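> If it helps, the file is called model08.csv and holds CSV, C-alpha atoms:
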chain,number,residue,atom,x,y,z
A,684,MET,CA,-42.8,1.2,32.2
A,685,SER,CA,-44.2,0.9,28.7
A,686,GLY,CA,-40.9,2.3,27.5
A,687,TYR,CA,-39.1,-0.6,29.2
A,688,TRP,CA,-41.2,-3.2,27.5
A,689,PHE,CA,-40.9,-1.4,24.1
A,690,ALA,CA,-37.1,-1.5,24.4
A,691,VAL,CA,-37.0,-5.2,25.4
A,692,GLY,CA,-39.4,-6.1,22.6
A,693,ALA,CA,-37.4,-4.2,20.0
A,694,CYS,CA,-34.2,-5.9,21.0
A,695,VAL,CA,-35.8,-9.4,20.9
A,696,ALA,CA,-37.4,-8.6,17.5
A,697,LEU,CA,-33.9,-7.6,16.2
A,698,VAL,CA,-32.3,-10.8,17.3
A,699,LEU,CA,-35.2,-12.8,15.8
A,700,PHE,CA,-34.9,-10.9,12.5
A,701,LEU,CA,-31.2,-11.8,12.4
A,702,VAL,CA,-31.9,-15.4,13.0
A,703,VAL,CA,-34.6,-15.4,10.2
A,704,LEU,CA,-32.1,-13.8,7.8
A,705,LEU,CA,-29.5,-16.4,8.8
A,706,ARG,CA,-32.0,-19.3,8.4
A,707,THR,CA,-33.0,-18.2,4.9
A,708,ARG,CA,-29.3,-17.8,4.0
A,709,ARG,CA,-29.6,-14.1,3.2
A,710,LEU,CA,-26.9,-13.3,5.8
A,711,ARG,CA,-23.7,-15.2,6.1
A,712,GLU,CA,-22.7,-16.4,9.5
A,713,LYS,CA,-19.5,-14.4,9.7
A,714,TYR,CA,-21.5,-11.2,9.5
A,715,ALA,CA,-24.4,-12.4,11.6
A,716,ILE,CA,-22.3,-13.3,14.6
A,717,THR,CA,-21.4,-9.6,15.2
A,718,TRP,CA,-24.9,-8.5,15.0
A,719,ILE,CA,-26.3,-11.4,17.1
A,720,VAL,CA,-23.8,-10.6,19.9
A,721,VAL,CA,-24.7,-6.9,19.7
A,722,GLY,CA,-28.4,-7.8,19.7
A,723,ILE,CA,-28.2,-10.1,22.7
A,724,GLY,CA,-26.1,-7.4,24.5
A,725,MET,CA,-28.9,-4.9,23.8
A,726,CYS,CA,-31.5,-7.4,25.1
A,727,VAL,CA,-29.5,-7.7,28.3
A,728,PHE,CA,-29.1,-4.0,28.8
A,729,GLY,CA,-32.8,-3.4,27.8
A,730,ALA,CA,-34.0,-5.9,30.3
A,731,PHE,CA,-31.7,-4.8,33.1
A,732,PRO,CA,-31.1,-1.0,32.8
A,733,GLY,CA,-29.2,-1.2,36.2
A,734,ALA,CA,-26.5,-3.2,34.4
A,735,VAL,CA,-25.6,-0.2,32.3
A,736,ALA,CA,-25.5,2.1,35.3
A,737,GLY,CA,-23.2,-0.4,37.1
A,738,LEU,CA,-20.9,-0.7,34.1
A,739,ALA,CA,-20.8,3.1,33.8
A,740,ARG,CA,-19.7,3.5,37.4
A,741,LEU,CA,-17.1,0.8,36.8
A,742,VAL,CA,-15.4,2.5,33.9
A,743,GLY,CA,-16.0,6.0,35.3
A,744,VAL,CA,-18.6,7.4,32.9
A,745,GLN,CA,-21.0,9.7,34.7
A,746,THR,CA,-24.1,9.4,32.5
A,747,PRO,CA,-24.9,5.7,31.7
A,748,SER,CA,-26.6,6.6,28.4
A,749,ASN,CA,-23.3,8.2,27.2
A,750,LEU,CA,-21.5,4.9,27.8
A,751,LEU,CA,-24.1,3.2,25.5
A,752,PHE,CA,-23.7,5.9,22.8
A,753,ALA,CA,-19.9,5.6,22.9
A,754,MET,CA,-20.0,1.8,22.7
A,755,ALA,CA,-22.5,1.9,19.9
A,756,SER,CA,-20.3,4.3,17.9
A,757,ILE,CA,-17.3,2.1,18.3
A,758,VAL,CA,-19.2,-1.0,17.3
A,759,LEU,CA,-20.5,0.7,14.2
A,760,LEU,CA,-17.1,2.0,13.3
A,761,LEU,CA,-15.5,-1.4,13.5
A,762,VAL,CA,-18.3,-2.9,11.4
A,763,CYS,CA,-17.8,-0.3,8.8
A,764,ILE,CA,-14.1,-1.0,8.6
A,765,GLN,CA,-14.8,-4.7,8.4
A,766,LEU,CA,-17.3,-4.1,5.5
A,767,SER,CA,-14.7,-1.9,3.7
A,768,THR,CA,-12.1,-4.7,3.8
A,769,GLU,CA,-14.6,-7.2,2.6
A,770,ILE,CA,-15.5,-4.9,-0.3
A,771,THR,CA,-11.8,-4.6,-1.2
A,772,THR,CA,-11.5,-8.3,-1.2
A,773,LEU,CA,-14.6,-8.6,-3.4
A,774,GLU,CA,-13.2,-6.0,-5.9
A,775,GLU,CA,-9.9,-7.8,-6.1
A,776,GLU,CA,-11.7,-11.1,-6.7
A,777,THR,CA,-13.9,-9.4,-9.4
A,778,ARG,CA,-10.8,-8.0,-11.0
A,779,THR,CA,-9.1,-11.4,-11.2
A,780,LEU,CA,-12.2,-13.0,-12.5
A,781,THR,CA,-12.6,-10.3,-15.1
A,782,GLU,CA,-9.1,-10.8,-16.3
A,783,GLU,CA,-9.5,-14.5,-16.4
A,784,VAL,CA,-12.8,-14.3,-18.4
A,785,ALA,CA,-11.1,-12.0,-20.9
A,786,LEU,CA,-8.1,-14.3,-21.3
A,787,LEU,CA,-10.4,-17.3,-21.7
A,788,ARG,CA,-12.6,-15.6,-24.2
A,789,PHE,CA,-9.5,-14.7,-26.2
A,790,ASP,CA,-8.4,-18.4,-26.2
A,791,VAL,CA,-11.9,-19.5,-27.2
A,792,GLU,CA,-12.0,-17.0,-30.1
A,793,ARG,CA,-8.5,-18.1,-31.2
A,794,LEU,CA,-9.4,-21.7,-31.1
A,795,ALA,CA,-12.7,-21.2,-33.0
A,796,ALA,CA,-11.0,-19.0,-35.6
A,797,GLY,CA,-7.9,-21.0,-36.2
A,798,ARG,CA,-8.7,-24.7,-36.1
A,799,GLY,CA,-12.4,-25.0,-35.6
A,800,VAL,CA,-13.7,-26.0,-32.2
A,801,PRO,CA,-12.5,-29.6,-31.4
A,802,SER,CA,-15.4,-31.8,-30.2
A,803,GLY,CA,-15.8,-35.3,-29.0
A,804,PRO,CA,-13.4,-37.4,-26.9
A,805,GLY,CA,-11.1,-38.2,-29.8
A,806,ALA,CA,-10.6,-34.7,-30.9
A,807,GLN,CA,-7.0,-33.5,-30.9
A,808,PRO,CA,-6.3,-30.2,-29.2
A,809,PRO,CA,-4.9,-27.7,-31.7
A,810,PRO,CA,-1.2,-26.9,-31.4
A,811,PRO,CA,-0.5,-23.7,-29.5
A,812,VAL,CA,-0.3,-20.6,-31.6
A,813,VAL,CA,3.3,-19.4,-31.2
A,814,PRO,CA,3.5,-15.6,-31.0
A,815,LEU,CA,5.8,-13.9,-33.5
A,816,GLU,CA,8.3,-12.6,-31.0
A,817,LEU,CA,8.7,-15.9,-29.2
A,818,PRO,CA,12.0,-17.6,-29.9
A,819,GLY,CA,10.7,-20.9,-28.7
A,820,ASP,CA,12.2,-21.3,-25.2
A,821,LEU,CA,8.8,-21.5,-23.6
A,822,PRO,CA,5.8,-23.4,-24.9
A,823,ALA,CA,3.0,-21.0,-25.5
A,824,ASP,CA,0.6,-22.8,-23.3
A,825,ALA,CA,2.9,-23.0,-20.3
A,826,ASP,CA,1.9,-21.0,-17.3
A,827,PRO,CA,5.0,-19.2,-16.3
A,828,ARG,CA,3.6,-17.7,-13.1
A,829,PRO,CA,4.8,-19.1,-9.8
B,1270,MET,CA,2.5,-4.0,-27.7
B,1271,ILE,CA,-0.2,-3.6,-25.1
B,1272,VAL,CA,-2.7,-0.8,-25.8
B,1273,PRO,CA,-5.1,-0.3,-23.0
B,1274,ALA,CA,-8.3,1.3,-24.4
B,1275,TRP,CA,-11.3,2.7,-22.7
B,1276,ASN,CA,-13.8,4.3,-25.0
B,1277,GLU,CA,-11.2,5.2,-27.6
B,1278,ARG,CA,-13.2,4.5,-30.7
B,1279,GLU,CA,-12.1,7.7,-32.4
B,1280,ALA,CA,-8.4,7.6,-31.8
B,1281,LEU,CA,-7.8,3.8,-31.8
B,1282,PRO,CA,-7.9,3.0,-35.6
B,1283,GLY,CA,-5.2,5.6,-36.3
B,1284,VAL,CA,-3.0,4.4,-33.6
B,1285,LEU,CA,-3.3,0.7,-34.7
B,1286,ALA,CA,-2.6,1.7,-38.3
B,1287,GLU,CA,0.5,3.5,-37.3
B,1288,LEU,CA,1.7,0.7,-35.1
B,1289,ALA,CA,1.1,-1.8,-37.9
B,1290,THR,CA,3.2,0.4,-40.3
B,1291,ALA,CA,6.0,1.2,-37.9
B,1292,LEU,CA,6.2,-2.3,-36.4
B,1293,PRO,CA,5.0,-4.9,-38.8
B,1294,HIS,CA,6.5,-7.8,-36.8
B,1295,ALA,CA,5.1,-6.9,-33.4
B,1296,ASP,CA,2.0,-8.4,-32.0
B,1297,VAL,CA,-0.4,-5.8,-30.9
B,1298,LEU,CA,-2.9,-6.5,-28.1
B,1299,VAL,CA,-5.7,-4.1,-27.5
B,1300,VAL,CA,-7.1,-4.4,-23.9
B,1301,ASN,CA,-10.6,-3.2,-24.2
B,1302,ASP,CA,-11.4,-2.0,-20.7
B,1303,GLY,CA,-15.1,-2.5,-20.6
B,1304,SER,CA,-15.8,0.2,-23.2
B,1305,THR,CA,-19.3,1.1,-24.1
B,1306,ASP,CA,-18.7,2.7,-27.5
B,1307,GLY,CA,-17.7,-0.4,-29.5
B,1308,THR,CA,-13.9,0.1,-29.1
B,1309,ALA,CA,-13.4,-3.7,-29.3
B,1310,ASP,CA,-15.2,-3.9,-32.6
B,1311,VAL,CA,-13.1,-1.1,-34.0
B,1312,ALA,CA,-10.0,-2.9,-32.8
B,1313,ARG,CA,-11.1,-6.2,-34.4
B,1314,ALA,CA,-12.0,-4.5,-37.6
B,1315,SER,CA,-8.5,-3.2,-38.0
B,1316,GLY,CA,-7.3,-6.8,-38.5
B,1317,THR,CA,-3.9,-6.1,-37.2
B,1318,ALA,CA,-4.5,-6.3,-33.5
B,1319,MET,CA,-5.5,-9.0,-31.0
B,1320,VAL,CA,-8.3,-8.0,-28.7
B,1321,LEU,CA,-8.5,-8.8,-25.0
B,1322,ASP,CA,-12.1,-7.9,-24.1
B,1323,LEU,CA,-12.6,-7.2,-20.4
B,1324,PRO,CA,-16.3,-7.4,-19.6
B,1325,LEU,CA,-16.0,-4.7,-16.9
B,1326,ASN,CA,-14.2,-1.4,-16.6
B,1327,LEU,CA,-11.2,-2.1,-14.3
B,1328,GLY,CA,-9.3,1.2,-14.9
B,1329,VAL,CA,-5.9,1.5,-16.6
B,1330,GLY,CA,-4.1,-0.6,-13.9
B,1331,GLY,CA,-6.6,-3.4,-14.3
B,1332,ALA,CA,-6.3,-3.4,-18.1
B,1333,MET,CA,-2.6,-3.3,-17.9
B,1334,ARG,CA,-2.4,-6.3,-15.5
B,1335,ALA,CA,-4.6,-8.2,-17.8
B,1336,GLY,CA,-2.3,-7.3,-20.7
B,1337,TYR,CA,0.8,-8.4,-18.7
B,1338,ARG,CA,-0.9,-11.6,-17.7
B,1339,PHE,CA,-1.5,-12.3,-21.4
B,1340,ALA,CA,2.1,-11.5,-22.2
B,1341,ALA,CA,3.3,-13.8,-19.3
B,1342,ARG,CA,1.1,-16.7,-20.4
B,1343,GLU,CA,2.1,-16.4,-24.0
B,1344,GLY,CA,5.7,-16.2,-23.0
B,1345,TYR,CA,6.7,-13.0,-24.7
B,1346,ASP,CA,10.3,-11.7,-24.2
B,1347,ALA,CA,9.3,-8.0,-24.1
B,1348,ALA,CA,6.1,-6.0,-23.7
B,1349,VAL,CA,5.5,-2.4,-24.5
B,1350,GLN,CA,2.6,-0.4,-23.3
B,1351,VAL,CA,1.4,2.7,-25.2
B,1352,ASP,CA,-1.7,4.9,-24.7
B,1353,ALA,CA,-4.5,4.4,-27.1
B,1354,ASP,CA,-5.0,8.2,-27.6
B,1355,GLY,CA,-2.1,8.5,-30.0
B,1356,GLN,CA,0.1,10.7,-27.9
B,1357,HIS,CA,3.0,8.2,-28.2
B,1358,ASP,CA,4.9,7.9,-31.5
B,1359,PRO,CA,5.2,4.3,-32.7
B,1360,ALA,CA,8.5,5.2,-34.3
B,1361,ASP,CA,10.0,5.4,-30.8
B,1362,VAL,CA,8.9,1.9,-29.8
B,1363,ALA,CA,11.9,0.1,-31.4
B,1364,ARG,CA,14.3,2.5,-29.7
B,1365,VAL,CA,12.7,2.0,-26.3
B,1366,VAL,CA,12.7,-1.8,-26.6
B,1367,ALA,CA,16.3,-1.8,-27.8
B,1368,SER,CA,17.3,0.2,-24.7
B,1369,LEU,CA,16.1,-2.6,-22.5
B,1370,ASP,CA,19.2,-4.5,-23.5
B,1371,GLU,CA,21.5,-1.5,-24.0
B,1372,LEU,CA,20.9,0.0,-20.6
B,1373,GLY,CA,20.6,-3.4,-18.9
B,1374,ALA,CA,17.2,-2.4,-17.6
B,1375,ASP,CA,14.1,-4.5,-16.8
B,1376,VAL,CA,11.8,-1.5,-17.3
B,1377,VAL,CA,12.4,1.4,-19.7
B,1378,ILE,CA,10.1,4.4,-19.5
B,1379,GLY,CA,9.5,6.5,-22.6
B,1380,ALA,CA,9.7,9.9,-21.0
B,1381,ARG,CA,8.7,13.4,-21.8
B,1382,PHE,CA,10.9,16.2,-20.5
B,1383,ALA,CA,14.0,14.2,-21.2
B,1384,GLY,CA,15.6,16.4,-23.9
B,1385,VAL,CA,13.6,15.0,-26.8
B,1386,GLY,CA,10.4,16.5,-28.0
B,1387,ALA,CA,8.6,19.8,-27.4
B,1388,TYR,CA,6.0,18.7,-24.9
B,1389,THR,CA,5.7,21.0,-21.9
B,1390,VAL,CA,3.5,21.3,-18.9
B,1391,ARG,CA,3.5,24.6,-17.0
B,1392,GLY,CA,2.5,25.8,-13.6
B,1393,PRO,CA,1.5,23.9,-10.5
B,1394,ARG,CA,1.0,20.6,-12.3
B,1395,ARG,CA,4.6,20.8,-13.5
B,1396,TRP,CA,5.8,21.4,-10.0
B,1397,ALA,CA,3.7,18.5,-8.7
B,1398,MET,CA,5.2,16.2,-11.4
B,1399,GLN,CA,8.7,17.4,-10.6
B,1400,VAL,CA,8.3,16.6,-6.9
B,1401,LEU,CA,7.0,13.2,-7.9
B,1402,SER,CA,9.9,12.6,-10.3
B,1403,GLY,CA,12.4,13.7,-7.7
B,1404,VAL,CA,11.2,11.2,-5.1
B,1405,LEU,CA,11.0,8.4,-7.6
B,1406,SER,CA,14.4,9.2,-9.1
B,1407,ARG,CA,15.9,8.6,-5.6
B,1408,ILE,CA,14.0,5.3,-5.2
B,1409,ALA,CA,15.0,4.1,-8.6
B,1410,GLY,CA,18.6,5.3,-8.2
B,1411,THR,CA,18.5,7.0,-11.6
B,1412,ARG,CA,17.1,10.2,-13.1
B,1413,LEU,CA,13.5,9.9,-14.0
B,1414,THR,CA,11.7,12.9,-15.5
B,1415,ASP,CA,8.3,11.5,-16.4
B,1416,THR,CA,7.0,9.0,-13.9
B,1417,THR,CA,3.4,9.3,-15.1
B,1418,SER,CA,4.2,8.2,-18.6
B,1419,GLY,CA,2.0,5.5,-20.1
B,1420,PHE,CA,4.8,4.5,-22.5
B,1421,ARG,CA,6.9,1.7,-21.0
B,1422,ALA,CA,8.8,-1.4,-22.1
B,1423,SER,CA,9.3,-4.4,-19.9
B,1424,ASN,CA,11.4,-7.5,-20.2
B,1425,ARG,CA,10.4,-11.0,-19.2
B,1426,ARG,CA,11.2,-10.4,-15.5
B,1427,ALA,CA,9.2,-7.3,-15.4
B,1428,ILE,CA,6.3,-8.9,-17.3
B,1429,ARG,CA,6.2,-11.7,-14.6
B,1430,LEU,CA,6.1,-9.1,-11.8
B,1431,PHE,CA,3.5,-6.9,-13.5
B,1432,ALA,CA,1.3,-9.9,-14.3
B,1433,ASP,CA,0.9,-10.4,-10.5
B,1434,GLU,CA,1.2,-6.9,-9.2
B,1435,TYR,CA,-0.2,-4.1,-11.1
B,1436,PRO,CA,-2.3,-1.9,-8.8
B,1437,ALA,CA,-5.7,-0.7,-10.1
B,1438,GLU,CA,-5.7,2.3,-7.8
B,1439,TYR,CA,-5.3,6.0,-8.7
B,1440,LEU,CA,-1.9,6.5,-10.2
B,1441,GLY,CA,-1.2,2.8,-9.4
B,1442,ASP,CA,-0.7,2.1,-13.1
B,1443,THR,CA,2.2,4.6,-13.2
B,1444,VAL,CA,3.8,5.7,-9.9
B,1445,GLU,CA,3.0,2.7,-7.7
B,1446,SER,CA,3.9,0.1,-10.3
B,1447,LEU,CA,7.3,1.8,-10.6
B,1448,VAL,CA,7.8,1.7,-6.9
B,1449,ILE,CA,6.9,-2.0,-6.9
B,1450,ALA,CA,9.3,-2.6,-9.7
B,1451,CYS,CA,12.2,-0.8,-7.9
B,1452,ARG,CA,11.5,-2.5,-4.6
B,1453,SER,CA,11.4,-5.9,-6.2
B,1454,GLY,CA,14.9,-5.3,-7.4
B,1455,LEU,CA,14.2,-4.5,-11.1
B,1456,THR,CA,16.3,-1.9,-12.9
B,1457,VAL,CA,14.3,1.1,-14.1
B,1458,ARG,CA,15.7,3.4,-16.7
B,1459,GLN,CA,14.3,6.0,-19.0
B,1460,VAL,CA,14.7,7.1,-22.6
B,1461,GLY,CA,13.5,10.5,-24.0
B,1462,VAL,CA,10.7,10.3,-26.5
B,1463,GLU,CA,8.7,12.7,-28.6
B,1464,MET,CA,5.2,13.2,-27.2
B,1465,ARG,CA,2.5,14.4,-29.5
B,1466,ALA,CA,-0.4,16.6,-28.5
B,1467,ARG,CA,-3.4,14.7,-27.2
B,1468,SER,CA,-6.0,14.3,-29.8
B,1469,ALA,CA,-8.7,15.2,-27.4
B,1470,GLY,CA,-8.8,16.9,-24.0
B,1471,VAL,CA,-6.6,19.7,-22.5
B,1472,PRO,CA,-4.2,19.1,-19.6
B,1473,SER,CA,-5.5,21.0,-16.6
B,1474,HIS,CA,-3.6,24.0,-15.2
B,1475,ASN,CA,-5.9,24.4,-12.2
B,1476,PRO,CA,-3.7,24.9,-9.0
B,1477,ALA,CA,-6.2,23.1,-6.8
B,1478,LYS,CA,-6.3,20.1,-9.1
B,1479,ALA,CA,-2.6,20.1,-9.2
B,1480,ALA,CA,-2.4,20.1,-5.4
B,1481,LEU,CA,-5.0,17.3,-5.2
B,1482,PHE,CA,-3.0,15.4,-7.8
B,1483,LEU,CA,0.2,15.8,-5.8
B,1484,GLY,CA,-1.5,14.9,-2.5
B,1485,ARG,CA,-3.0,11.7,-3.9
B,1486,ALA,CA,0.3,10.9,-5.6
B,1487,MET,CA,2.2,11.3,-2.4
B,1488,LEU,CA,-0.3,9.2,-0.5
B,1489,ALA,CA,0.0,6.5,-3.1
B,1490,LEU,CA,3.8,6.8,-2.9
B,1491,LEU,CA,4.0,6.5,0.8
B,1492,ILE,CA,1.6,3.6,1.0
B,1493,ALA,CA,3.5,1.9,-1.9
B,1494,LEU,CA,6.8,2.4,0.0
B,1495,SER,CA,5.5,1.1,3.3
B,1496,ARG,CA,3.7,-1.9,1.9
B,1497,PRO,CA,5.1,-5.3,2.7
B,1498,LEU,CA,6.7,-6.9,-0.4
B,1499,GLY,CA,5.5,-10.0,-2.1
B,1500,GLN,CA,2.1,-9.9,-0.4
B,1501,ALA,CA,-0.8,-10.8,-2.7
B,1502,PRO,CA,-3.8,-8.4,-2.6
B,1503,ALA,CA,-6.7,-9.6,-0.5
B,1504,GLY,CA,-8.8,-12.1,-2.4
B,1505,VAL,CA,-6.0,-13.3,-4.7
B,1506,HIS,CA,-4.8,-16.8,-4.1
B,1507,ARG,CA,-1.8,-17.8,-6.1
What does the file become when written as structure tokens?


Amino acid sequence: MSGYWFAVGACVALVLFLVVLLRTRRLREKYAITWIVVGIGMCVFGAFPGAVAGLARLVGVQTPSNLLFAMASIVLLLVCIQLSTEITTLEEETRTLTEEVALLRFDVERLAAGRGVPSGPGAQPPPPVVPLELPGDLPADADPRP
Amino acid sequence: MIVPAWNEREALPGVLAELATALPHADVLVVNDGSTDGTADVARASGTAMVLDLPLNLGVGGAMRAGYRFAAREGYDAAVQVDADGQHDPADVARVVASLDELGADVVIGARFAGVGAYTVRGPRRWAMQVLSGVLSRIAGTRLTDTTSGFRASNRRAIRLFADEYPAEYLGDTVESLVIACRSGLTVRQVGVEMRARSAGVPSHNPAKAALFLGRAMLALLIALSRPLGQAPAGVHR
């Protein structure tokens, strides 16, 4: 019976830990939802082991614990894939920001070197520096991207 | 001229000096790809090049997209990318750019193995490159012999495309970007160029490495071909 209370206690502690992380803003809600659902599910199964057995009979798995292991693997797999896609998004965002920072730094250096940095509300922005190969059909400061 | 440079402190000054001599009227942009050896300082010290200083290492594809973004914003008519290790001869640049108009192409590759120059690769790596070239030739509808070349001229249309889509993945800077160009309706052609020996490093002749190279290239190719067109990468909002 002590194993029973240990399992229930661990599941409740997990859910509480997630809520604490969420409250202190160390975990964003979009990731926490998955874990809270998983945690509550574990609490239910921990409190009512008969539910797993019933579920196993329902889906035709002979050993109830195997059903749990299989479900756990699938959940972990899906979470890993989700994290990979999130990392890809982050890398792409980092890349775009890095490019943007480099382009801005270039502009700042060019401004500082060419005209002195304009200051104050009445300062005129310096004319755009026209590249040598530019025949003049596009202003240099126009953003040609769609 | 876009020169992506990552820790090229040794070779860069020579390349920049050659470019300045061969093409006195061209603007040279060195994209310093998060180098840790002071490549940016060397480039600035040359006095002939503009420097785009990336604070992080993004890989060749990342450096190139930054370069094309710069070219697109500044409104250049043509952009040429060359490697910073000096393996491309600046004397060829004018010819490659001229062939943009002559061949009616949007992208012109300065290619090895195209009848000019003595550069050869032997063994499995050569076969891998031949397979790759064969597939890409069919996609481009023209004969391409050197799809992994880092020597390439682009017109305004291609600059716009590459400013948005220049993959940072393995071989994305060469193979996949060509596939993107072809699938977006750009015309890709090639011109033979002389290729000089690399100043440092020896090309690998290891069969296992060649097989790995071909496998990764094919994977990149298949994914590039099956990817939906005009879709921004995740995290990029235009």

> Could you tell me how far CA of Arg1425 in chain B sits from CA of Tyr1345 in chain B, in Å to one decimal place?

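Calculated distance between CA of Tyr1345 in chain B and CA of Arg1425 in chain B is 6.9 Å.
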
> Can you measure CA of Gln765 in chain A to CA of Asn1326 in chain B for me? One decimal in Å is fine.

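Computed distance, CA of Gln765 in chain A to CA of Asn1326 in chain B, equals 25.2 Å.
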
> Within 8 Å of chain A, which residues belong to chain B? Use only C-alpha atoms and report them as a PyMOL selection string.

chain B and resi 1294-1296+1320-1325+1327+1331+1335+1339+1341-1346+1429+1502-1505+1507

> Let me see the file: selected residues, C-alpha atoms, as a PDB file, in the coordinates of the input.


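Final file, part-v5.pdb:
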ATOM      1  CA  HIS B1294       6.500  -7.800 -36.800  1.00  0.00           C
ATOM      2  CA  ALA B1295       5.100  -6.900 -33.400  1.00  0.00           C
ATOM      3  CA  ASP B1296       2.000  -8.400 -32.000  1.00  0.00           C
ATOM      4  CA  VAL B1320      -8.300  -8.000 -28.700  1.00  0.00           C
ATOM      5  CA  LEU B1321      -8.500  -8.800 -25.000  1.00  0.00           C
ATOM      6  CA  ASP B1322     -12.100  -7.900 -24.100  1.00  0.00           C
ATOM      7  CA  LEU B1323     -12.600  -7.200 -20.400  1.00  0.00           C
ATOM      8  CA  PRO B1324     -16.300  -7.400 -19.600  1.00  0.00           C
ATOM      9  CA  LEU B1325     -16.000  -4.700 -16.900  1.00  0.00           C
ATOM     10  CA  LEU B1327     -11.200  -2.100 -14.300  1.00  0.00           C
ATOM     11  CA  GLY B1331      -6.600  -3.400 -14.300  1.00  0.00           C
ATOM     12  CA  ALA B1335      -4.600  -8.200 -17.800  1.00  0.00           C
ATOM     13  CA  PHE B1339      -1.500 -12.300 -21.400  1.00  0.00           C
ATOM     14  CA  ALA B1341       3.300 -13.800 -19.300  1.00  0.00           C
ATOM     15  CA  ARG B1342       1.100 -16.700 -20.400  1.00  0.00           C
ATOM     16  CA  GLU B1343       2.100 -16.400 -24.000  1.00  0.00           C
ATOM     17  CA  GLY B1344       5.700 -16.200 -23.000  1.00  0.00           C
ATOM     18  CA  TYR B1345       6.700 -13.000 -24.700  1.00  0.00           C
ATOM     19  CA  ASP B1346      10.300 -11.700 -24.200  1.00  0.00           C
ATOM     20  CA  ARG B1429       6.200 -11.700 -14.600  1.00  0.00           C
ATOM     21  CA  PRO B1502      -3.800  -8.400  -2.600  1.00  0.00           C
ATOM     22  CA  ALA B1503      -6.700  -9.600  -0.500  1.00  0.00           C
ATOM     23  CA  GLY B1504      -8.800 -12.100  -2.400  1.00  0.00           C
ATOM     24  CA  VAL B1505      -6.000 -13.300  -4.700  1.00  0.00           C
ATOM     25  CA  ARG B1507      -1.800 -17.800  -6.100  1.00  0.00           C
TER      26      ARG B1507
END

> Which polymer residues have any atom within 7 Å of an atom of range 1348-1356 of chain B, counting only C-alpha atoms, with same-chain residues fewer than 2 positions away left out, as a ChimeraX atom specification?

/B:1270-1274,1277,1280-1281,1284,1340,1358,1419-1424,1464-1468

> Can you spit out the residues from that selection as a short mmCIF file (atom, residue, chain, number, x, y, z; two decimals), in the coordinates of the input, using C-alpha atoms?


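Now in part13.cif:
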data_model
loop_
_atom_site.label_atom_id
_atom_site.label_comp_id
_atom_site.auth_asym_id
_atom_site.auth_seq_id
_atom_site.Cartn_x
_atom_site.Cartn_y
_atom_site.Cartn_z
CA MET B 1270 2.50 -4.00 -27.70
CA ILE B 1271 -0.20 -3.60 -25.10
CA VAL B 1272 -2.70 -0.80 -25.80
CA PRO B 1273 -5.10 -0.30 -23.00
CA ALA B 1274 -8.30 1.30 -24.40
CA GLU B 1277 -11.20 5.20 -27.60
CA ALA B 1280 -8.40 7.60 -31.80
CA LEU B 1281 -7.80 3.80 -31.80
CA VAL B 1284 -3.00 4.40 -33.60
CA ALA B 1340 2.10 -11.50 -22.20
CA ASP B 1358 4.90 7.90 -31.50
CA GLY B 1419 2.00 5.50 -20.10
CA PHE B 1420 4.80 4.50 -22.50
CA ARG B 1421 6.90 1.70 -21.00
CA ALA B 1422 8.80 -1.40 -22.10
CA SER B 1423 9.30 -4.40 -19.90
CA ASN B 1424 11.40 -7.50 -20.20
CA MET B 1464 5.20 13.20 -27.20
CA ARG B 1465 2.50 14.40 -29.50
CA ALA B 1466 -0.40 16.60 -28.50
CA ARG B 1467 -3.40 14.70 -27.20
CA SER B 1468 -6.00 14.30 -29.80
#

> As a list in words, please: the residues near Arg1458 in chain B (cut-off 7 Å, only C-alpha atoms, same-chain neighbours under 4 positions excluded).

Ala1374, Val1376, Val1377, Ile1378 and Thr1411 of chain B

> Could you tell me how far CA of Ser685 in chain A lies from CA of Val742 in chain A, in Å and to one decimal?

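Straight-line distance from CA of Ser685 in chain A to CA of Val742 in chain A works out to 29.3 Å.
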